[in-house]
Amino acid sequence: MDIELLDKAIRRIPDFPKPGILFYDITSVLTNPEAFKFCLEEMYRIYKDAKFDAVAGVESRGFIFAAPLAEKLGIPLVLIRKKGKLPGDTYQCSYDLEYGSATIEVHKADIKKGQKILVVDDLIATGGTLAATKTLIQQGGAEVTDFFGVIGLPDLNYEKVLAPCKVTTLINYHGE
């Protein structure tokens with residue numbers, strides 16, 4: 001498989017969640033074993049020699065990509081959840097969304113001071129959720145240097161929001 005076949009596996013839904021938005025649906029990649037395997041193999045190829053202490057997956061589709069990568073790299077998986085989903089002591093970070101605000105959490109016990117953490121999500125749009133994730137992880141004394149997304153929408157300027165961290169995506173869509 002290659003990027004062209006991955007592109008064909010990504011479902012596009014016009015006017016979702018509101019008119020004028022073209023939504024890139026990653027669930028169609030998950031129902032295509034060849035496309036999903038391609039994503040996982042590419043992630044491992046990119047990060048196999050990196051020196052991360054943990055992989056953080058952003059709720060919820062980020063979990064699907066982060067978990068197999070963490071297992072393959074032999075490092076912990078840290079879950080970034082919506083507020084109220086974790087039972088233990090948590091760090092929290094609130095941030096603004098296009099349609100309101102949100103709060104994310106991580107278990108305090110899952111973040112170790114001095115760790116270097118890779119953050120994984122399915123799609124990177126404005127970078128707001130990932131910037132909040134970085135702030136959340138920093139509360140525990142760890143460092144985020146890299147972000148990964150299967151899909152990137154660079155016209156929404158996420159690289160500016162996430163600088164100086166490195167941002168890697170498998171496929172980018174411009175102005176669609």
# chains A, B, ... in the order shown; residues from 1 in each chain; ligands from 1

$ select_by_dssp --residues "segment 4-170 of chain A" --states "alpha helix (DSSP H)" --output "JSON, numbers by chain"
{"A": [4, 5, 6, 7, 8, 9, 27, 28, 29, 30, 33, 34, 35, 36, 37, 38, 39, 40, 41, 42, 43, 44, 45, 46, 47, 61, 62, 63, 64, 65, 66, 67, 68, 69, 70, 71, 72, 73, 128, 129, 130, 131, 132, 133, 134, 135, 136, 137, 138, 139, 158, 159, 160, 161, 162]}

$ residues_around --residues "Leu79 of chain A" --least-positions-apart "2" --cutoff "10 Å" --atoms "only C-alpha atoms" --output "list in words"
Val55, Ala56, Gly57, Val58, Glu59, Ser60, Gly62, Phe63, Ala66, Ala67, Pro76, Leu77, Arg81, Lys82, Leu86, Glu105, Val106, His107, Asp110 and Val119 of chain A

$ write_last_selection --atoms "C-alpha atoms" --output "PDB file, in the first residue's frame"
ATOM      1  CA  VAL A  55       3.272   7.477  23.679  1.00  0.00           C
ATOM      2  CA  ALA A  56       0.196   9.556  24.536  1.00  0.00           C
ATOM      3  CA  GLY A  57      -3.003   8.817  22.635  1.00  0.00           C
ATOM      4  CA  VAL A  58      -5.680  11.506  22.392  1.00  0.00           C
ATOM      5  CA  GLU A  59      -9.287  10.398  22.899  1.00  0.00           C
ATOM      6  CA  SER A  60     -10.641   8.586  21.150  1.00  0.00           C
ATOM      7  CA  GLY A  62      -5.803   8.607  18.768  1.00  0.00           C
ATOM      8  CA  PHE A  63      -5.917   5.598  21.127  1.00  0.00           C
ATOM      9  CA  ALA A  66      -1.083   5.103  19.729  1.00  0.00           C
ATOM     10  CA  ALA A  67      -1.689   1.744  21.411  1.00  0.00           C
ATOM     11  CA  PRO A  76       4.006   2.931  28.065  1.00  0.00           C
ATOM     12  CA  LEU A  77       0.758   4.178  26.577  1.00  0.00           C
ATOM     13  CA  ARG A  81      -9.224  11.683  28.058  1.00  0.00           C
ATOM     14  CA  LYS A  82     -12.158  14.049  28.137  1.00  0.00           C
ATOM     15  CA  LEU A  86     -10.567   8.970  34.491  1.00  0.00           C
ATOM     16  CA  GLU A 105      -7.271  15.044  31.617  1.00  0.00           C
ATOM     17  CA  VAL A 106      -4.487  12.570  32.217  1.00  0.00           C
ATOM     18  CA  HIS A 107      -3.781  10.460  35.284  1.00  0.00           C
ATOM     19  CA  ASP A 110       0.931   8.132  34.219  1.00  0.00           C
ATOM     20  CA  VAL A 119       1.527  12.582  21.197  1.00  0.00           C
TER      21      VAL A 119
END

$ closest_residue --among "A:Arg11, A:Arg61, A:Lys83, A:Lys72" --to "Asp122 of chain A" --atoms "only C-alpha atoms"
A:Arg61

$ closest_residue --among "A:Cys39, A:Leu73, A:Ala125, A:Leu118" --to "Glu98 of chain A" --atoms "only C-alpha atoms"
A:Ala125

$ atom_distance --atom1 "atom CA of Ile3 of chain A" --atom2 "atom CA of Val150 of chain A"
10.7 Å

$ residues_around --residues "Tyr95 of chain A" --least-positions-apart "4" --cutoff "8 Å" --atoms "only C-alpha atoms" --output "list in words"
Ser101, Ala102, Thr103, Gly128, Thr129 and Ala132 of chain A

$ residues_around --residues "Ile117 of chain A" --least-positions-apart "6" --cutoff "6 Å" --atoms "only C-alpha atoms" --output "VMD selection string"
chain A and resid 52 to 55 144

$ write_last_selection --atoms "N, CA, C and O atoms" --output "mmCIF file, in the first residue's frame"
data_model
loop_
_atom_site.group_PDB
_atom_site.id
_atom_site.type_symbol
_atom_site.label_atom_id
_atom_site.label_comp_id
_atom_site.auth_asym_id
_atom_site.auth_seq_id
_atom_site.Cartn_x
_atom_site.Cartn_y
_atom_site.Cartn_z
ATOM 1 N N PHE A 52 11.659 7.941 22.758
ATOM 2 C CA PHE A 52 10.554 8.407 23.576
ATOM 3 C C PHE A 52 10.412 7.501 24.794
ATOM 4 O O PHE A 52 10.721 6.309 24.732
ATOM 5 N N ASP A 53 9.894 8.069 25.873
ATOM 6 C CA ASP A 53 9.643 7.291 27.090
ATOM 7 C C ASP A 53 8.205 6.801 27.157
ATOM 8 O O ASP A 53 7.892 5.891 27.932
ATOM 9 N N ALA A 54 7.310 7.407 26.381
ATOM 10 C CA ALA A 54 5.905 7.017 26.357
ATOM 11 C C ALA A 54 5.255 7.580 25.106
ATOM 12 O O ALA A 54 5.759 8.525 24.488
ATOM 13 N N VAL A 55 4.116 6.983 24.761
ATOM 14 C CA VAL A 55 3.272 7.477 23.679
ATOM 15 C C VAL A 55 1.946 7.874 24.307
ATOM 16 O O VAL A 55 1.344 7.084 25.045
ATOM 17 N N VAL A 144 6.842 17.224 25.652
ATOM 18 C CA VAL A 144 6.350 16.796 24.341
ATOM 19 C C VAL A 144 7.225 17.479 23.299
ATOM 20 O O VAL A 144 7.335 18.700 23.293
#

$ atom_distance --atom1 "atom CA of Pro17 of chain A" --atom2 "atom CA of Asn172 of chain A"
19.8 Å

$ select_by_dssp --residues "chain A" --states "strand (DSSP E or B)" --output "ChimeraX atom specification"
/A:11-14,22-25,54-58,77-82,90-97,100-107,116-124,143-152,166-172

$ write_last_selection --atoms "C-alpha atoms" --output "PDB file, in the first residue's frame"
ATOM      1  CA  ARG A  11     -13.991   8.746   3.656  1.00  0.00           C
ATOM      2  CA  ARG A  12     -14.943  12.358   3.008  1.00  0.00           C
ATOM      3  CA  ILE A  13     -18.210  13.664   4.427  1.00  0.00           C
ATOM      4  CA  PRO A  14     -19.290  17.095   3.151  1.00  0.00           C
ATOM      5  CA  LEU A  22     -15.415  18.693   4.634  1.00  0.00           C
ATOM      6  CA  PHE A  23     -14.909  16.015   7.295  1.00  0.00           C
ATOM      7  CA  TYR A  24     -12.148  13.429   6.809  1.00  0.00           C
ATOM      8  CA  ASP A  25     -13.378  10.235   8.449  1.00  0.00           C
ATOM      9  CA  ALA A  54       5.905   7.017  26.357  1.00  0.00           C
ATOM     10  CA  VAL A  55       3.272   7.477  23.679  1.00  0.00           C
ATOM     11  CA  ALA A  56       0.196   9.556  24.536  1.00  0.00           C
ATOM     12  CA  GLY A  57      -3.003   8.817  22.635  1.00  0.00           C
ATOM     13  CA  VAL A  58      -5.680  11.506  22.392  1.00  0.00           C
ATOM     14  CA  LEU A  77       0.758   4.178  26.577  1.00  0.00           C
ATOM     15  CA  VAL A  78      -0.695   7.283  28.244  1.00  0.00           C
ATOM     16  CA  LEU A  79      -4.366   8.092  27.678  1.00  0.00           C
ATOM     17  CA  ILE A  80      -5.506  11.685  27.212  1.00  0.00           C
ATOM     18  CA  ARG A  81      -9.224  11.683  28.058  1.00  0.00           C
ATOM     19  CA  LYS A  82     -12.158  14.049  28.137  1.00  0.00           C
ATOM     20  CA  THR A  90      -5.608  13.940  37.216  1.00  0.00           C
ATOM     21  CA  TYR A  91      -3.971  16.927  35.639  1.00  0.00           C
ATOM     22  CA  GLN A  92      -6.500  18.998  33.677  1.00  0.00           C
ATOM     23  CA  CYS A  93      -6.307  21.520  30.880  1.00  0.00           C
ATOM     24  CA  SER A  94      -9.204  23.510  29.432  1.00  0.00           C
ATOM     25  CA  TYR A  95      -9.066  25.013  25.961  1.00  0.00           C
ATOM     26  CA  ASP A  96     -11.282  26.683  23.386  1.00  0.00           C
ATOM     27  CA  LEU A  97     -12.818  24.879  20.465  1.00  0.00           C
ATOM     28  CA  GLY A 100     -17.146  26.161  22.649  1.00  0.00           C
ATOM     29  CA  SER A 101     -14.605  24.818  25.108  1.00  0.00           C
ATOM     30  CA  ALA A 102     -13.400  21.465  26.408  1.00  0.00           C
ATOM     31  CA  THR A 103     -11.302  20.031  29.199  1.00  0.00           C
ATOM     32  CA  ILE A 104      -8.943  17.085  28.895  1.00  0.00           C
ATOM     33  CA  GLU A 105      -7.271  15.044  31.617  1.00  0.00           C
ATOM     34  CA  VAL A 106      -4.487  12.570  32.217  1.00  0.00           C
ATOM     35  CA  HIS A 107      -3.781  10.460  35.284  1.00  0.00           C
ATOM     36  CA  LYS A 116       9.909  12.590  26.597  1.00  0.00           C
ATOM     37  CA  ILE A 117       6.448  11.848  25.170  1.00  0.00           C
ATOM     38  CA  LEU A 118       5.165  11.458  21.604  1.00  0.00           C
ATOM     39  CA  VAL A 119       1.527  12.582  21.197  1.00  0.00           C
ATOM     40  CA  VAL A 120      -0.615  10.698  18.658  1.00  0.00           C
ATOM     41  CA  ASP A 121      -4.008  11.583  17.217  1.00  0.00           C
ATOM     42  CA  ASP A 122      -5.874  10.550  14.095  1.00  0.00           C
ATOM     43  CA  LEU A 123      -6.209  14.011  12.533  1.00  0.00           C
ATOM     44  CA  ILE A 124      -4.483  17.321  13.182  1.00  0.00           C
ATOM     45  CA  GLU A 143       8.135  17.060  27.684  1.00  0.00           C
ATOM     46  CA  VAL A 144       6.350  16.796  24.341  1.00  0.00           C
ATOM     47  CA  THR A 145       8.684  17.245  21.380  1.00  0.00           C
ATOM     48  CA  ASP A 146       6.710  15.500  18.630  1.00  0.00           C
ATOM     49  CA  PHE A 147       3.128  15.174  17.425  1.00  0.00           C
ATOM     50  CA  PHE A 148       1.841  12.576  14.982  1.00  0.00           C
ATOM     51  CA  GLY A 149      -1.419  12.466  13.033  1.00  0.00           C
ATOM     52  CA  VAL A 150      -2.491  10.138  10.274  1.00  0.00           C
ATOM     53  CA  ILE A 151      -4.155  13.114   8.545  1.00  0.00           C
ATOM     54  CA  GLY A 152      -3.008  16.731   8.577  1.00  0.00           C
ATOM     55  CA  LYS A 166       7.921  18.518  15.261  1.00  0.00           C
ATOM     56  CA  VAL A 167       4.650  17.557  13.545  1.00  0.00           C
ATOM     57  CA  THR A 168       4.492  14.455  11.338  1.00  0.00           C
ATOM     58  CA  THR A 169       1.507  13.303   9.290  1.00  0.00           C
ATOM     59  CA  LEU A 170       1.081  10.522   6.775  1.00  0.00           C
ATOM     60  CA  ILE A 171      -1.191  12.463   4.453  1.00  0.00           C
ATOM     61  CA  ASN A 172      -2.120  16.141   4.152  1.00  0.00           C
TER      62      ASN A 172
END

$ closest_residue --among "A:Gly127, A:Gly88, A:Gly20, A:Gly114" --to "Glu159 of chain A" --atoms "only C-alpha atoms"
A:Gly127

$ decode --residues "segment 108-122 of chain A" --atoms "all heavy atoms" --output "PDB file, in the first residue's frame"
ATOM      1  N   LYS A 108      -2.337  11.600  36.866  1.00  0.00           N
ATOM      2  CA  LYS A 108      -1.055  12.103  37.369  1.00  0.00           C
ATOM      3  C   LYS A 108      -0.024  10.978  37.440  1.00  0.00           C
ATOM      4  O   LYS A 108       1.158  11.181  37.137  1.00  0.00           O
ATOM      5  CB  LYS A 108      -1.235  12.743  38.747  1.00  0.00           C
ATOM      6  CG  LYS A 108      -1.939  14.077  38.695  1.00  0.00           C
ATOM      7  CD  LYS A 108      -2.037  14.692  40.082  1.00  0.00           C
ATOM      8  CE  LYS A 108      -2.719  16.054  40.008  1.00  0.00           C
ATOM      9  NZ  LYS A 108      -2.824  16.667  41.345  1.00  0.00           N
ATOM     10  N   ALA A 109      -0.459   9.794  37.818  1.00  0.00           N
ATOM     11  CA  ALA A 109       0.450   8.655  37.969  1.00  0.00           C
ATOM     12  C   ALA A 109       1.064   8.203  36.644  1.00  0.00           C
ATOM     13  O   ALA A 109       2.099   7.526  36.635  1.00  0.00           O
ATOM     14  CB  ALA A 109      -0.284   7.488  38.615  1.00  0.00           C
ATOM     15  N   ASP A 110       0.455   8.585  35.526  1.00  0.00           N
ATOM     16  CA  ASP A 110       0.931   8.132  34.219  1.00  0.00           C
ATOM     17  C   ASP A 110       2.022   9.026  33.620  1.00  0.00           C
ATOM     18  O   ASP A 110       2.657   8.648  32.637  1.00  0.00           O
ATOM     19  CB  ASP A 110      -0.234   8.038  33.234  1.00  0.00           C
ATOM     20  CG  ASP A 110      -1.232   6.965  33.626  1.00  0.00           C
ATOM     21  OD1 ASP A 110      -0.918   6.136  34.502  1.00  0.00           O
ATOM     22  OD2 ASP A 110      -2.339   6.968  33.049  1.00  0.00           O
ATOM     23  N   ILE A 111       2.202  10.211  34.196  1.00  0.00           N
ATOM     24  CA  ILE A 111       3.208  11.145  33.693  1.00  0.00           C
ATOM     25  C   ILE A 111       4.357  11.185  34.692  1.00  0.00           C
ATOM     26  O   ILE A 111       4.158  11.445  35.872  1.00  0.00           O
ATOM     27  CB  ILE A 111       2.616  12.570  33.538  1.00  0.00           C
ATOM     28  CG1 ILE A 111       1.388  12.558  32.612  1.00  0.00           C
ATOM     29  CG2 ILE A 111       3.676  13.549  33.039  1.00  0.00           C
ATOM     30  CD1 ILE A 111       1.683  12.208  31.183  1.00  0.00           C
ATOM     31  N   LYS A 112       5.551  10.942  34.190  1.00  0.00           N
ATOM     32  CA  LYS A 112       6.749  10.959  35.035  1.00  0.00           C
ATOM     33  C   LYS A 112       7.612  12.161  34.664  1.00  0.00           C
ATOM     34  O   LYS A 112       7.830  12.437  33.484  1.00  0.00           O
ATOM     35  CB  LYS A 112       7.574   9.680  34.852  1.00  0.00           C
ATOM     36  CG  LYS A 112       6.781   8.389  34.966  1.00  0.00           C
ATOM     37  CD  LYS A 112       6.323   8.123  36.370  1.00  0.00           C
ATOM     38  CE  LYS A 112       5.688   6.759  36.489  1.00  0.00           C
ATOM     39  NZ  LYS A 112       4.258   6.722  36.477  1.00  0.00           N
ATOM     40  N   LYS A 113       8.078  12.842  35.675  1.00  0.00           N
ATOM     41  CA  LYS A 113       8.940  14.004  35.457  1.00  0.00           C
ATOM     42  C   LYS A 113      10.143  13.607  34.601  1.00  0.00           C
ATOM     43  O   LYS A 113      10.769  12.572  34.825  1.00  0.00           O
ATOM     44  CB  LYS A 113       9.408  14.567  36.798  1.00  0.00           C
ATOM     45  CG  LYS A 113      10.150  15.866  36.672  1.00  0.00           C
ATOM     46  CD  LYS A 113      10.480  16.470  38.012  1.00  0.00           C
ATOM     47  CE  LYS A 113      11.134  17.812  37.786  1.00  0.00           C
ATOM     48  NZ  LYS A 113      11.340  18.527  39.041  1.00  0.00           N
ATOM     49  N   GLY A 114      10.416  14.435  33.595  1.00  0.00           N
ATOM     50  CA  GLY A 114      11.563  14.204  32.721  1.00  0.00           C
ATOM     51  C   GLY A 114      11.285  13.313  31.523  1.00  0.00           C
ATOM     52  O   GLY A 114      12.149  13.173  30.651  1.00  0.00           O
ATOM     53  N   GLN A 115      10.107  12.719  31.453  1.00  0.00           N
ATOM     54  CA  GLN A 115       9.797  11.874  30.303  1.00  0.00           C
ATOM     55  C   GLN A 115       9.732  12.693  29.019  1.00  0.00           C
ATOM     56  O   GLN A 115       9.344  13.858  29.029  1.00  0.00           O
ATOM     57  CB  GLN A 115       8.433  11.192  30.478  1.00  0.00           C
ATOM     58  CG  GLN A 115       8.412   9.995  31.366  1.00  0.00           C
ATOM     59  CD  GLN A 115       7.016   9.377  31.399  1.00  0.00           C
ATOM     60  OE1 GLN A 115       6.011  10.055  31.519  1.00  0.00           O
ATOM     61  NE2 GLN A 115       6.986   8.060  31.299  1.00  0.00           N
ATOM     62  N   LYS A 116      10.075  12.037  27.937  1.00  0.00           N
ATOM     63  CA  LYS A 116       9.909  12.590  26.597  1.00  0.00           C
ATOM     64  C   LYS A 116       8.755  11.810  25.960  1.00  0.00           C
ATOM     65  O   LYS A 116       8.838  10.579  25.837  1.00  0.00           O
ATOM     66  CB  LYS A 116      11.197  12.430  25.795  1.00  0.00           C
ATOM     67  CG  LYS A 116      11.165  13.057  24.427  1.00  0.00           C
ATOM     68  CD  LYS A 116      12.511  12.898  23.737  1.00  0.00           C
ATOM     69  CE  LYS A 116      12.437  13.320  22.293  1.00  0.00           C
ATOM     70  NZ  LYS A 116      13.663  12.984  21.566  1.00  0.00           N
ATOM     71  N   ILE A 117       7.675  12.514  25.602  1.00  0.00           N
ATOM     72  CA  ILE A 117       6.448  11.848  25.170  1.00  0.00           C
ATOM     73  C   ILE A 117       6.062  12.261  23.747  1.00  0.00           C
ATOM     74  O   ILE A 117       6.042  13.443  23.416  1.00  0.00           O
ATOM     75  CB  ILE A 117       5.298  12.160  26.149  1.00  0.00           C
ATOM     76  CG1 ILE A 117       5.669  11.632  27.548  1.00  0.00           C
ATOM     77  CG2 ILE A 117       3.984  11.559  25.665  1.00  0.00           C
ATOM     78  CD1 ILE A 117       4.645  11.929  28.621  1.00  0.00           C
ATOM     79  N   LEU A 118       5.719  11.267  22.940  1.00  0.00           N
ATOM     80  CA  LEU A 118       5.165  11.458  21.604  1.00  0.00           C
ATOM     81  C   LEU A 118       3.642  11.482  21.733  1.00  0.00           C
ATOM     82  O   LEU A 118       3.065  10.578  22.344  1.00  0.00           O
ATOM     83  CB  LEU A 118       5.581  10.305  20.681  1.00  0.00           C
ATOM     84  CG  LEU A 118       4.848  10.182  19.343  1.00  0.00           C
ATOM     85  CD1 LEU A 118       5.154  11.361  18.437  1.00  0.00           C
ATOM     86  CD2 LEU A 118       5.208   8.864  18.668  1.00  0.00           C
ATOM     87  N   VAL A 119       2.988  12.477  21.161  1.00  0.00           N
ATOM     88  CA  VAL A 119       1.527  12.582  21.197  1.00  0.00           C
ATOM     89  C   VAL A 119       0.965  12.164  19.838  1.00  0.00           C
ATOM     90  O   VAL A 119       1.408  12.668  18.804  1.00  0.00           O
ATOM     91  CB  VAL A 119       1.077  14.013  21.559  1.00  0.00           C
ATOM     92  CG1 VAL A 119      -0.441  14.131  21.488  1.00  0.00           C
ATOM     93  CG2 VAL A 119       1.591  14.399  22.941  1.00  0.00           C
ATOM     94  N   VAL A 120      -0.027  11.260  19.880  1.00  0.00           N
ATOM     95  CA  VAL A 120      -0.615  10.698  18.658  1.00  0.00           C
ATOM     96  C   VAL A 120      -2.112  10.975  18.623  1.00  0.00           C
ATOM     97  O   VAL A 120      -2.817  10.752  19.609  1.00  0.00           O
ATOM     98  CB  VAL A 120      -0.367   9.168  18.594  1.00  0.00           C
ATOM     99  CG1 VAL A 120      -1.113   8.546  17.424  1.00  0.00           C
ATOM    100  CG2 VAL A 120       1.123   8.871  18.522  1.00  0.00           C
ATOM    101  N   ASP A 121      -2.582  11.433  17.465  1.00  0.00           N
ATOM    102  CA  ASP A 121      -4.008  11.583  17.217  1.00  0.00           C
ATOM    103  C   ASP A 121      -4.282  11.143  15.785  1.00  0.00           C
ATOM    104  O   ASP A 121      -3.347  10.947  15.000  1.00  0.00           O
ATOM    105  CB  ASP A 121      -4.462  13.031  17.455  1.00  0.00           C
ATOM    106  CG  ASP A 121      -5.923  13.141  17.844  1.00  0.00           C
ATOM    107  OD1 ASP A 121      -6.648  12.125  17.791  1.00  0.00           O
ATOM    108  OD2 ASP A 121      -6.356  14.249  18.193  1.00  0.00           O
ATOM    109  N   ASP A 122      -5.546  11.009  15.439  1.00  0.00           N
ATOM    110  CA  ASP A 122      -5.874  10.550  14.095  1.00  0.00           C
ATOM    111  C   ASP A 122      -5.746  11.671  13.074  1.00  0.00           C
ATOM    112  O   ASP A 122      -5.289  11.461  11.968  1.00  0.00           O
ATOM    113  CB  ASP A 122      -7.273   9.931  14.045  1.00  0.00           C
ATOM    114  CG  ASP A 122      -8.381  10.933  14.339  1.00  0.00           C
ATOM    115  OD1 ASP A 122      -8.193  11.794  15.220  1.00  0.00           O
ATOM    116  OD2 ASP A 122      -9.452  10.843  13.702  1.00  0.00           O
TER     117      ASP A 122
END
